[in-house]
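Here is entry-v4.txt, consisting of compact mmCIF, C-alpha atoms and all ligand atoms:
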```txt
# COMPACT_ATOMS: atom_id res chain seq x y z
CA MET A 1 0.00 0.00 0.00
CA SER A 2 1.47 3.36 -1.02
CA SER A 3 1.02 6.64 0.85
CA GLU A 4 1.62 8.74 -2.28
CA SER A 5 -1.22 11.09 -3.07
CA ILE A 6 -2.75 10.67 -6.51
CA LEU A 7 -4.20 13.57 -8.48
CA VAL A 8 -7.17 12.22 -10.43
CA VAL A 9 -7.92 14.11 -13.65
CA ASP A 10 -10.87 14.22 -16.05
CA GLY A 11 -13.55 12.08 -14.46
CA ALA A 12 -11.33 9.26 -13.41
CA GLU A 13 -12.71 8.85 -9.87
CA ASP A 14 -13.99 5.34 -10.53
CA ARG A 15 -10.90 4.09 -12.36
CA ASN A 16 -9.29 3.21 -9.06
CA ARG A 17 -5.97 2.32 -10.62
CA SER A 18 -3.32 0.77 -8.46
CA LEU A 19 0.15 2.22 -8.07
CA ASP A 20 1.43 -1.34 -8.13
CA GLY A 21 0.46 -1.45 -11.79
CA SER A 22 2.28 0.27 -14.60
CA VAL A 23 3.07 3.82 -13.56
CA VAL A 24 4.88 5.75 -16.27
CA ASP A 25 7.78 7.81 -14.93
CA VAL A 26 8.13 11.28 -16.44
CA ALA A 27 11.06 13.68 -15.99
CA VAL A 28 9.94 17.31 -15.92
CA GLY A 29 12.23 20.36 -15.98
CA LEU A 30 11.59 23.56 -14.06
CA LEU A 31 14.04 25.83 -15.87
CA VAL A 32 14.70 28.84 -13.67
CA ALA A 33 16.19 31.92 -15.36
CA PRO A 34 18.55 34.20 -13.40
CA ASN A 35 15.63 36.62 -12.81
CA GLY A 36 13.46 33.76 -11.48
CA ASP A 37 11.25 33.39 -14.56
CA LEU A 38 10.14 29.84 -15.41
CA LEU A 39 10.01 28.28 -18.87
CA LEU A 40 6.66 26.85 -19.92
CA THR A 41 5.98 25.20 -23.27
CA THR A 42 2.86 23.93 -25.03
CA ARG A 43 2.26 20.28 -25.71
CA PRO A 44 3.04 19.62 -29.38
CA PRO A 45 0.37 19.04 -32.02
CA GLY A 46 -0.67 15.38 -32.18
CA LYS A 47 -0.01 14.62 -28.51
CA VAL A 48 -2.72 14.18 -25.88
CA TYR A 49 -3.73 17.61 -24.46
CA ALA A 50 -2.03 19.33 -27.43
CA GLY A 51 -1.74 23.08 -26.88
CA HIS A 52 -1.90 22.87 -23.08
CA TRP A 53 0.95 24.55 -21.23
CA GLU A 54 3.34 22.42 -19.20
CA PHE A 55 6.96 22.27 -18.18
CA PRO A 56 9.18 20.59 -20.77
CA GLY A 57 10.13 16.94 -20.27
CA GLY A 58 9.07 13.43 -21.14
CA LYS A 59 8.97 9.77 -20.27
CA LEU A 60 11.95 7.84 -18.97
CA GLU A 61 13.32 5.19 -21.29
CA ALA A 62 14.45 1.81 -19.98
CA GLY A 63 17.51 2.09 -17.74
CA GLU A 64 17.53 5.89 -17.61
CA THR A 65 17.68 7.98 -14.45
CA VAL A 66 15.37 10.98 -14.15
CA GLU A 67 18.29 13.33 -14.82
CA GLU A 68 19.42 11.38 -17.89
CA ALA A 69 15.89 11.33 -19.29
CA LEU A 70 15.45 15.05 -18.70
CA ARG A 71 18.77 15.84 -20.39
CA ARG A 72 17.80 13.73 -23.43
CA GLU A 73 14.25 15.08 -23.65
CA LEU A 74 15.31 18.71 -23.44
CA GLN A 75 17.93 18.17 -26.13
CA GLU A 76 15.36 16.45 -28.35
CA GLU A 77 12.48 18.85 -27.73
CA ILE A 78 13.90 22.31 -27.06
CA GLY A 79 17.54 22.04 -28.18
CA ILE A 80 19.39 22.82 -24.95
CA THR A 81 21.87 20.83 -22.85
CA ILE A 82 21.09 21.09 -19.17
CA GLY A 83 23.50 21.16 -16.24
CA PRO A 84 22.48 19.47 -12.97
CA ALA A 85 18.80 18.52 -12.54
CA LEU A 86 17.82 18.90 -8.88
CA LEU A 87 14.89 16.65 -8.00
CA TRP A 88 12.39 18.85 -6.16
CA ARG A 89 8.91 17.26 -5.90
CA GLU A 90 6.99 14.27 -7.23
CA GLN A 91 3.32 13.87 -8.08
CA VAL A 92 1.33 10.89 -9.35
CA VAL A 93 -1.42 11.84 -11.81
CA ASP A 94 -4.18 9.50 -12.96
CA TYR A 95 -5.27 10.60 -16.46
CA PRO A 96 -7.72 8.70 -18.66
CA HIS A 97 -4.80 7.93 -21.01
CA ALA A 98 -2.18 6.99 -18.41
CA LEU A 99 -1.05 6.84 -14.81
CA VAL A 100 2.10 8.93 -14.55
CA ARG A 101 4.59 9.80 -11.85
CA LEU A 102 5.97 13.26 -12.51
CA HIS A 103 9.48 13.93 -11.22
CA PHE A 104 9.83 17.72 -11.13
CA CYS A 105 13.46 18.86 -11.24
CA LYS A 106 14.81 22.38 -10.89
CA VAL A 107 17.41 23.34 -13.48
CA PHE A 108 19.44 26.53 -13.15
CA GLU A 109 22.11 25.97 -15.79
CA TRP A 110 21.96 25.02 -19.43
CA ALA A 111 23.81 25.61 -22.68
CA GLY A 112 22.42 26.44 -26.10
CA ASP A 113 19.58 28.55 -27.44
CA LEU A 114 15.96 27.53 -27.17
CA HIS A 115 14.75 25.83 -30.32
CA MET A 116 11.24 24.40 -30.27
CA LYS A 117 11.75 21.28 -32.37
CA GLU A 118 8.21 19.92 -32.19
CA GLY A 119 6.20 23.03 -33.04
CA GLN A 120 5.64 23.99 -29.41
CA ARG A 121 5.18 27.54 -28.17
CA PHE A 122 7.23 28.75 -25.22
CA SER A 123 7.01 31.50 -22.67
CA TRP A 124 9.14 32.70 -19.75
CA GLU A 125 6.65 33.29 -16.97
CA LYS A 126 6.49 34.86 -13.54
CA LEU A 127 4.09 33.49 -10.94
CA PRO A 128 1.15 33.45 -11.23
CA VAL A 129 1.60 32.38 -14.86
CA GLN A 130 -0.43 34.21 -17.49
CA CYS A 131 -0.41 31.45 -20.13
CA GLY A 132 -3.19 28.88 -20.40
CA PRO A 133 -4.77 26.45 -20.36
CA VAL A 134 -2.27 24.80 -18.03
CA LEU A 135 -2.17 20.98 -17.99
CA ALA A 136 -3.92 19.61 -14.88
CA GLY A 137 -0.84 17.68 -13.80
CA THR A 138 1.23 20.85 -13.97
CA ARG A 139 -1.02 23.00 -11.75
CA PRO A 140 0.06 21.58 -8.36
CA VAL A 141 3.71 22.37 -9.00
CA LEU A 142 2.77 25.98 -9.79
CA GLU A 143 1.06 26.13 -6.38
CA TRP A 144 4.12 24.67 -4.65
CA LEU A 145 6.37 27.17 -6.41
CA ALA A 146 4.10 30.04 -5.38
CA GLN A 147 4.14 28.85 -1.76
CA GLU A 148 7.92 28.61 -1.86
CA GLN A 149 8.21 32.15 -3.24
CA LYS A 150 5.89 33.42 -0.52
CA LEU A 151 7.93 31.75 2.23
CA GLN A 152 11.16 33.08 0.74
CA GLY A 153 9.59 36.54 0.68
CA ILE A 154 8.64 36.28 4.36
CA ALA A 155 12.06 34.92 5.35
CA GLY A 156 13.81 37.71 3.43
CA ARG A 157 11.73 40.51 4.93
CA ARG A 158 13.29 42.71 7.64
CA PHE A 159 11.12 43.56 10.61
N1 LIG B 201 6.46 17.05 -19.89
C1 LIG B 201 5.47 17.16 -19.01
N2 LIG B 201 4.54 16.18 -18.89
C2 LIG B 201 3.56 16.36 -18.00
C3 LIG B 201 3.50 17.53 -17.19
N3 LIG B 201 2.40 17.44 -16.39
C4 LIG B 201 1.78 16.27 -16.70
O1 LIG B 201 0.75 15.85 -16.19
N4 LIG B 201 2.50 15.60 -17.68
C5 LIG B 201 2.10 14.30 -18.25
O2 LIG B 201 3.21 13.45 -18.35
C6 LIG B 201 3.16 12.68 -19.54
C7 LIG B 201 4.36 13.05 -20.38
O3 LIG B 201 4.30 12.36 -21.55
P1 LIG B 201 4.76 12.93 -22.97
O4 LIG B 201 3.83 12.39 -23.97
O5 LIG B 201 4.93 14.41 -22.91
O6 LIG B 201 6.18 12.28 -23.02
P2 LIG B 201 7.15 12.01 -24.25
O7 LIG B 201 7.66 13.34 -24.74
O8 LIG B 201 8.16 11.02 -23.78
O9 LIG B 201 6.15 11.46 -25.35
P3 LIG B 201 6.11 10.29 -26.37
O10 LIG B 201 4.91 9.48 -25.94
O11 LIG B 201 5.84 10.99 -27.66
O12 LIG B 201 7.39 9.55 -26.30
C8 LIG B 201 1.86 13.03 -20.23
O13 LIG B 201 0.86 12.11 -19.82
C9 LIG B 201 1.53 14.41 -19.65
O14 LIG B 201 0.13 14.62 -19.65
C10 LIG B 201 4.48 18.54 -17.32
O15 LIG B 201 4.49 19.60 -16.65
N5 LIG B 201 5.44 18.31 -18.26
```
For this file, produce the structure as structure tokens.
Ligand SMILES: Nc1nc2c([nH]c(=O)n2[C@@H]2O[C@H](COP(=O)(O)OP(=O)(O)OP(=O)(O)O)[C@@H](O)[C@H]2O)c(=O)[nH]1
Amino acid sequence: MSSESILVVDGAEDRNRSLDGSVVDVAVGLLVAPNGDLLLTTRPPGKVYAGHWEFPGGKLEAGETVEEALRRELQEEIGITIGPALLWREQVVDYPHALVRLHFCKVFEWAGDLHMKEGQRFSWEKLPVQCGPVLAGTRPVLEWLAQEQKLQGIAGRRF
């Protein structure tokens, strides 16, 4: 029995999938610019939820670590080579099309210019983000980031 919380999306309440079954691991990159802006991209045409905004990333291939998968995916999809990927939070999401475990990693360093290789759109965003619609599985991480910013603001304030 797992204690992981599962975010159920799009009328999936009665699916009652088990985490012991096939959960698809997904590496997701939170690219943080020096001014704190975050990179969001749209899901490419032809993919499920095409046009929805998300953080760039993709599924792990056999034998890959989260960091390796993220480095490969971001090279393939947006043309950059990332430095260290710092695992930050995880979230399991139960979609009609799949049960996924999202591994959200913060990335502060990368090389190369952004090049959307799959026809995506991209935007550097401050919180709260102005782009939309945002993919359901991406919304919780935006909340966590906002909470973190708020706490950092409080901690940094002088009384
Ligand atoms: N990249 C990414 N995927 C997310 C996010 N949030 C979220 O729920 N997902 C889900 O994670 C899964 C990622 O799969 P994908 O189809 O993008 O992965 P991929 O690039 O390896 O695709 P492929 O099937 O063409 O090989 C999708 O089910 C997507 O809905 C997010 O912020 N970024």
Could the residues of chain A that have an atom at most 9 Å from ligand LIG 201 (chain B) be listed as JSON lines, each with its closest atom pair and the distance in Å to one decimal, counting all atoms listed in the file and ordered by chain and ascending residue number?
```
{"residue": "A:Val24", "atom": "CA", "partner": "B:LIG201", "partner_atom": "C6", "distance": 7.9}
{"residue": "A:Asp25", "atom": "CA", "partner": "B:LIG201", "partner_atom": "O2", "distance": 8.0}
{"residue": "A:Val26", "atom": "CA", "partner": "B:LIG201", "partner_atom": "O2", "distance": 5.7}
{"residue": "A:Ala27", "atom": "CA", "partner": "B:LIG201", "partner_atom": "N1", "distance": 6.9}
{"residue": "A:Val28", "atom": "CA", "partner": "B:LIG201", "partner_atom": "N5", "distance": 5.2}
{"residue": "A:Gly29", "atom": "CA", "partner": "B:LIG201", "partner_atom": "N5", "distance": 7.5}
{"residue": "A:Leu30", "atom": "CA", "partner": "B:LIG201", "partner_atom": "O15", "distance": 8.5}
{"residue": "A:Leu40", "atom": "CA", "partner": "B:LIG201", "partner_atom": "O15", "distance": 8.2}
{"residue": "A:Thr41", "atom": "CA", "partner": "B:LIG201", "partner_atom": "N5", "distance": 8.5}
{"residue": "A:Arg43", "atom": "CA", "partner": "B:LIG201", "partner_atom": "O5", "distance": 7.0}
{"residue": "A:Pro44", "atom": "CA", "partner": "B:LIG201", "partner_atom": "O5", "distance": 8.5}
{"residue": "A:Lys47", "atom": "CA", "partner": "B:LIG201", "partner_atom": "O4", "distance": 6.4}
{"residue": "A:Val48", "atom": "CA", "partner": "B:LIG201", "partner_atom": "O14", "distance": 6.9}
{"residue": "A:Tyr49", "atom": "CA", "partner": "B:LIG201", "partner_atom": "O14", "distance": 6.9}
{"residue": "A:Trp53", "atom": "CA", "partner": "B:LIG201", "partner_atom": "O15", "distance": 7.6}
{"residue": "A:Glu54", "atom": "CA", "partner": "B:LIG201", "partner_atom": "O15", "distance": 4.0}
{"residue": "A:Phe55", "atom": "CA", "partner": "B:LIG201", "partner_atom": "O15", "distance": 3.9}
{"residue": "A:Pro56", "atom": "CA", "partner": "B:LIG201", "partner_atom": "N1", "distance": 4.6}
{"residue": "A:Gly57", "atom": "CA", "partner": "B:LIG201", "partner_atom": "N1", "distance": 3.7}
{"residue": "A:Gly58", "atom": "CA", "partner": "B:LIG201", "partner_atom": "O6", "distance": 3.6}
{"residue": "A:Lys59", "atom": "CA", "partner": "B:LIG201", "partner_atom": "O8", "distance": 3.8}
{"residue": "A:Leu60", "atom": "CA", "partner": "B:LIG201", "partner_atom": "O8", "distance": 6.9}
{"residue": "A:Glu61", "atom": "CA", "partner": "B:LIG201", "partner_atom": "O8", "distance": 8.2}
{"residue": "A:Ala69", "atom": "CA", "partner": "B:LIG201", "partner_atom": "O8", "distance": 8.9}
{"residue": "A:Glu73", "atom": "CA", "partner": "B:LIG201", "partner_atom": "O7", "distance": 6.9}
{"residue": "A:Glu77", "atom": "CA", "partner": "B:LIG201", "partner_atom": "O7", "distance": 7.9}
{"residue": "A:Gln91", "atom": "CA", "partner": "B:LIG201", "partner_atom": "O1", "distance": 8.7}
{"residue": "A:Val92", "atom": "CA", "partner": "B:LIG201", "partner_atom": "O1", "distance": 8.5}
{"residue": "A:Val93", "atom": "CA", "partner": "B:LIG201", "partner_atom": "O1", "distance": 6.3}
{"residue": "A:Asp94", "atom": "CA", "partner": "B:LIG201", "partner_atom": "O1", "distance": 8.7}
{"residue": "A:Tyr95", "atom": "CA", "partner": "B:LIG201", "partner_atom": "O13", "distance": 7.2}
{"residue": "A:His97", "atom": "CA", "partner": "B:LIG201", "partner_atom": "O13", "distance": 7.1}
{"residue": "A:Ala98", "atom": "CA", "partner": "B:LIG201", "partner_atom": "O13", "distance": 6.1}
{"residue": "A:Leu99", "atom": "CA", "partner": "B:LIG201", "partner_atom": "O13", "distance": 7.5}
{"residue": "A:Val100", "atom": "CA", "partner": "B:LIG201", "partner_atom": "O2", "distance": 6.0}
{"residue": "A:Arg101", "atom": "CA", "partner": "B:LIG201", "partner_atom": "O2", "distance": 7.6}
{"residue": "A:Leu102", "atom": "CA", "partner": "B:LIG201", "partner_atom": "O2", "distance": 6.5}
{"residue": "A:Phe104", "atom": "CA", "partner": "B:LIG201", "partner_atom": "O15", "distance": 7.9}
{"residue": "A:Val134", "atom": "CA", "partner": "B:LIG201", "partner_atom": "O15", "distance": 8.6}
{"residue": "A:Leu135", "atom": "CA", "partner": "B:LIG201", "partner_atom": "N3", "distance": 6.0}
{"residue": "A:Ala136", "atom": "CA", "partner": "B:LIG201", "partner_atom": "O1", "distance": 6.1}
{"residue": "A:Gly137", "atom": "CA", "partner": "B:LIG201", "partner_atom": "O1", "distance": 3.4}
{"residue": "A:Thr138", "atom": "CA", "partner": "B:LIG201", "partner_atom": "N3", "distance": 4.3}
{"residue": "A:Arg139", "atom": "CA", "partner": "B:LIG201", "partner_atom": "N3", "distance": 8.0}
{"residue": "A:Val141", "atom": "CA", "partner": "B:LIG201", "partner_atom": "O15", "distance": 8.2}
```
Can I get the residues of stretch 89-109 of chain A within 9 Å of stretch 33-39 of chain A, each with the closest pair of atoms and their distance in Å to one decimal, using all atoms listed in the file, sorted chain first then ascending number, as CSV?
```
residue,atom,partner,partner_atom,distance
A:Val107,CA,A:Ala33,CA,8.9
A:Phe108,CA,A:Ala33,CA,6.7
A:Glu109,CA,A:Ala33,CA,8.4
```
(message) I'd like the neighbourhood of A:Trp88 as an MDAnalysis selection string, where a residue qualifies if any of its atoms comes within 8 Å (using only C-alpha atoms), though same-chain residues fewer than 3 positions away should be ignored.
(response) chainID A and resid 103:106
(request) For atom CA of A:Ile80 and atom CA of A:Pro133, determine how far apart the two atoms are, in Å to one decimal place. (result) 24.9 Å
(message) Please determine, counting only C-alpha atoms, which residue among A:Ile154, A:Ala50, A:Leu145, A:Leu7 has the shortest atom-to-atom distance to A:Gln120.
(response)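 When distances to A:Gln120 are compared using only C-alpha atoms, the smallest one comes from A:Ala50.
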(message) One decimal, in Å: what's the spacing between atom CA of A:Glu90 and atom CA of A:Glu143?
(response)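 Atom-to-atom, atom CA of A:Glu90 and atom CA of A:Glu143 are spaced 13.3 Å apart.
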Could you rebuild stretch 59-78 of chain A with N, CA and C atoms and give me the result as a PDB file, in the coordinates of the input?
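Dumped to part-v6.pdb:
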```
ATOM      1  N   LYS A  59       8.916  11.057 -20.966  1.00  0.00           N
ATOM      2  CA  LYS A  59       8.970   9.770 -20.270  1.00  0.00           C
ATOM      3  C   LYS A  59      10.387   9.213 -20.209  1.00  0.00           C
ATOM      4  N   LEU A  60      10.658   8.526 -19.098  1.00  0.00           N
ATOM      5  CA  LEU A  60      11.950   7.840 -18.970  1.00  0.00           C
ATOM      6  C   LEU A  60      11.973   6.641 -19.905  1.00  0.00           C
ATOM      7  N   GLU A  61      13.123   6.421 -20.527  1.00  0.00           N
ATOM      8  CA  GLU A  61      13.320   5.190 -21.290  1.00  0.00           C
ATOM      9  C   GLU A  61      13.979   4.157 -20.382  1.00  0.00           C
ATOM     10  N   ALA A  62      13.924   2.902 -20.819  1.00  0.00           N
ATOM     11  CA  ALA A  62      14.450   1.810 -19.980  1.00  0.00           C
ATOM     12  C   ALA A  62      15.883   2.091 -19.556  1.00  0.00           C
ATOM     13  N   GLY A  63      16.145   1.967 -18.269  1.00  0.00           N
ATOM     14  CA  GLY A  63      17.510   2.090 -17.740  1.00  0.00           C
ATOM     15  C   GLY A  63      17.943   3.522 -17.462  1.00  0.00           C
ATOM     16  N   GLU A  64      17.139   4.498 -17.818  1.00  0.00           N
ATOM     17  CA  GLU A  64      17.530   5.890 -17.610  1.00  0.00           C
ATOM     18  C   GLU A  64      17.206   6.358 -16.193  1.00  0.00           C
ATOM     19  N   THR A  65      18.045   7.253 -15.672  1.00  0.00           N
ATOM     20  CA  THR A  65      17.680   7.980 -14.450  1.00  0.00           C
ATOM     21  C   THR A  65      16.814   9.168 -14.871  1.00  0.00           C
ATOM     22  N   VAL A  66      16.187   9.788 -13.864  1.00  0.00           N
ATOM     23  CA  VAL A  66      15.370  10.980 -14.150  1.00  0.00           C
ATOM     24  C   VAL A  66      16.231  12.059 -14.812  1.00  0.00           C
ATOM     25  N   GLU A  67      17.423  12.267 -14.273  1.00  0.00           N
ATOM     26  CA  GLU A  67      18.290  13.330 -14.820  1.00  0.00           C
ATOM     27  C   GLU A  67      18.698  13.019 -16.263  1.00  0.00           C
ATOM     28  N   GLU A  68      19.027  11.757 -16.522  1.00  0.00           N
ATOM     29  CA  GLU A  68      19.420  11.380 -17.890  1.00  0.00           C
ATOM     30  C   GLU A  68      18.264  11.590 -18.864  1.00  0.00           C
ATOM     31  N   ALA A  69      17.070  11.184 -18.421  1.00  0.00           N
ATOM     32  CA  ALA A  69      15.890  11.330 -19.290  1.00  0.00           C
ATOM     33  C   ALA A  69      15.617  12.805 -19.563  1.00  0.00           C
ATOM     34  N   LEU A  70      15.726  13.615 -18.524  1.00  0.00           N
ATOM     35  CA  LEU A  70      15.450  15.050 -18.700  1.00  0.00           C
ATOM     36  C   LEU A  70      16.462  15.671 -19.664  1.00  0.00           C
ATOM     37  N   ARG A  71      17.735  15.286 -19.505  1.00  0.00           N
ATOM     38  CA  ARG A  71      18.770  15.840 -20.390  1.00  0.00           C
ATOM     39  C   ARG A  71      18.485  15.440 -21.849  1.00  0.00           C
ATOM     40  N   ARG A  72      18.115  14.193 -22.060  1.00  0.00           N
ATOM     41  CA  ARG A  72      17.800  13.730 -23.430  1.00  0.00           C
ATOM     42  C   ARG A  72      16.566  14.437 -23.972  1.00  0.00           C
ATOM     43  N   GLU A  73      15.510  14.481 -23.169  1.00  0.00           N
ATOM     44  CA  GLU A  73      14.250  15.080 -23.650  1.00  0.00           C
ATOM     45  C   GLU A  73      14.427  16.556 -24.006  1.00  0.00           C
ATOM     46  N   LEU A  74      15.175  17.274 -23.163  1.00  0.00           N
ATOM     47  CA  LEU A  74      15.310  18.710 -23.440  1.00  0.00           C
ATOM     48  C   LEU A  74      16.214  18.965 -24.633  1.00  0.00           C
ATOM     49  N   GLN A  75      17.155  18.055 -24.883  1.00  0.00           N
ATOM     50  CA  GLN A  75      17.930  18.170 -26.130  1.00  0.00           C
ATOM     51  C   GLN A  75      17.024  17.903 -27.322  1.00  0.00           C
ATOM     52  N   GLU A  76      16.225  16.842 -27.221  1.00  0.00           N
ATOM     53  CA  GLU A  76      15.360  16.450 -28.350  1.00  0.00           C
ATOM     54  C   GLU A  76      14.269  17.472 -28.629  1.00  0.00           C
ATOM     55  N   GLU A  77      13.695  18.032 -27.558  1.00  0.00           N
ATOM     56  CA  GLU A  77      12.480  18.850 -27.730  1.00  0.00           C
ATOM     57  C   GLU A  77      12.744  20.337 -27.828  1.00  0.00           C
ATOM     58  N   ILE A  78      13.714  20.842 -27.058  1.00  0.00           N
ATOM     59  CA  ILE A  78      13.900  22.310 -27.060  1.00  0.00           C
ATOM     60  C   ILE A  78      15.354  22.711 -27.328  1.00  0.00           C
TER      61      ILE A  78
END
```
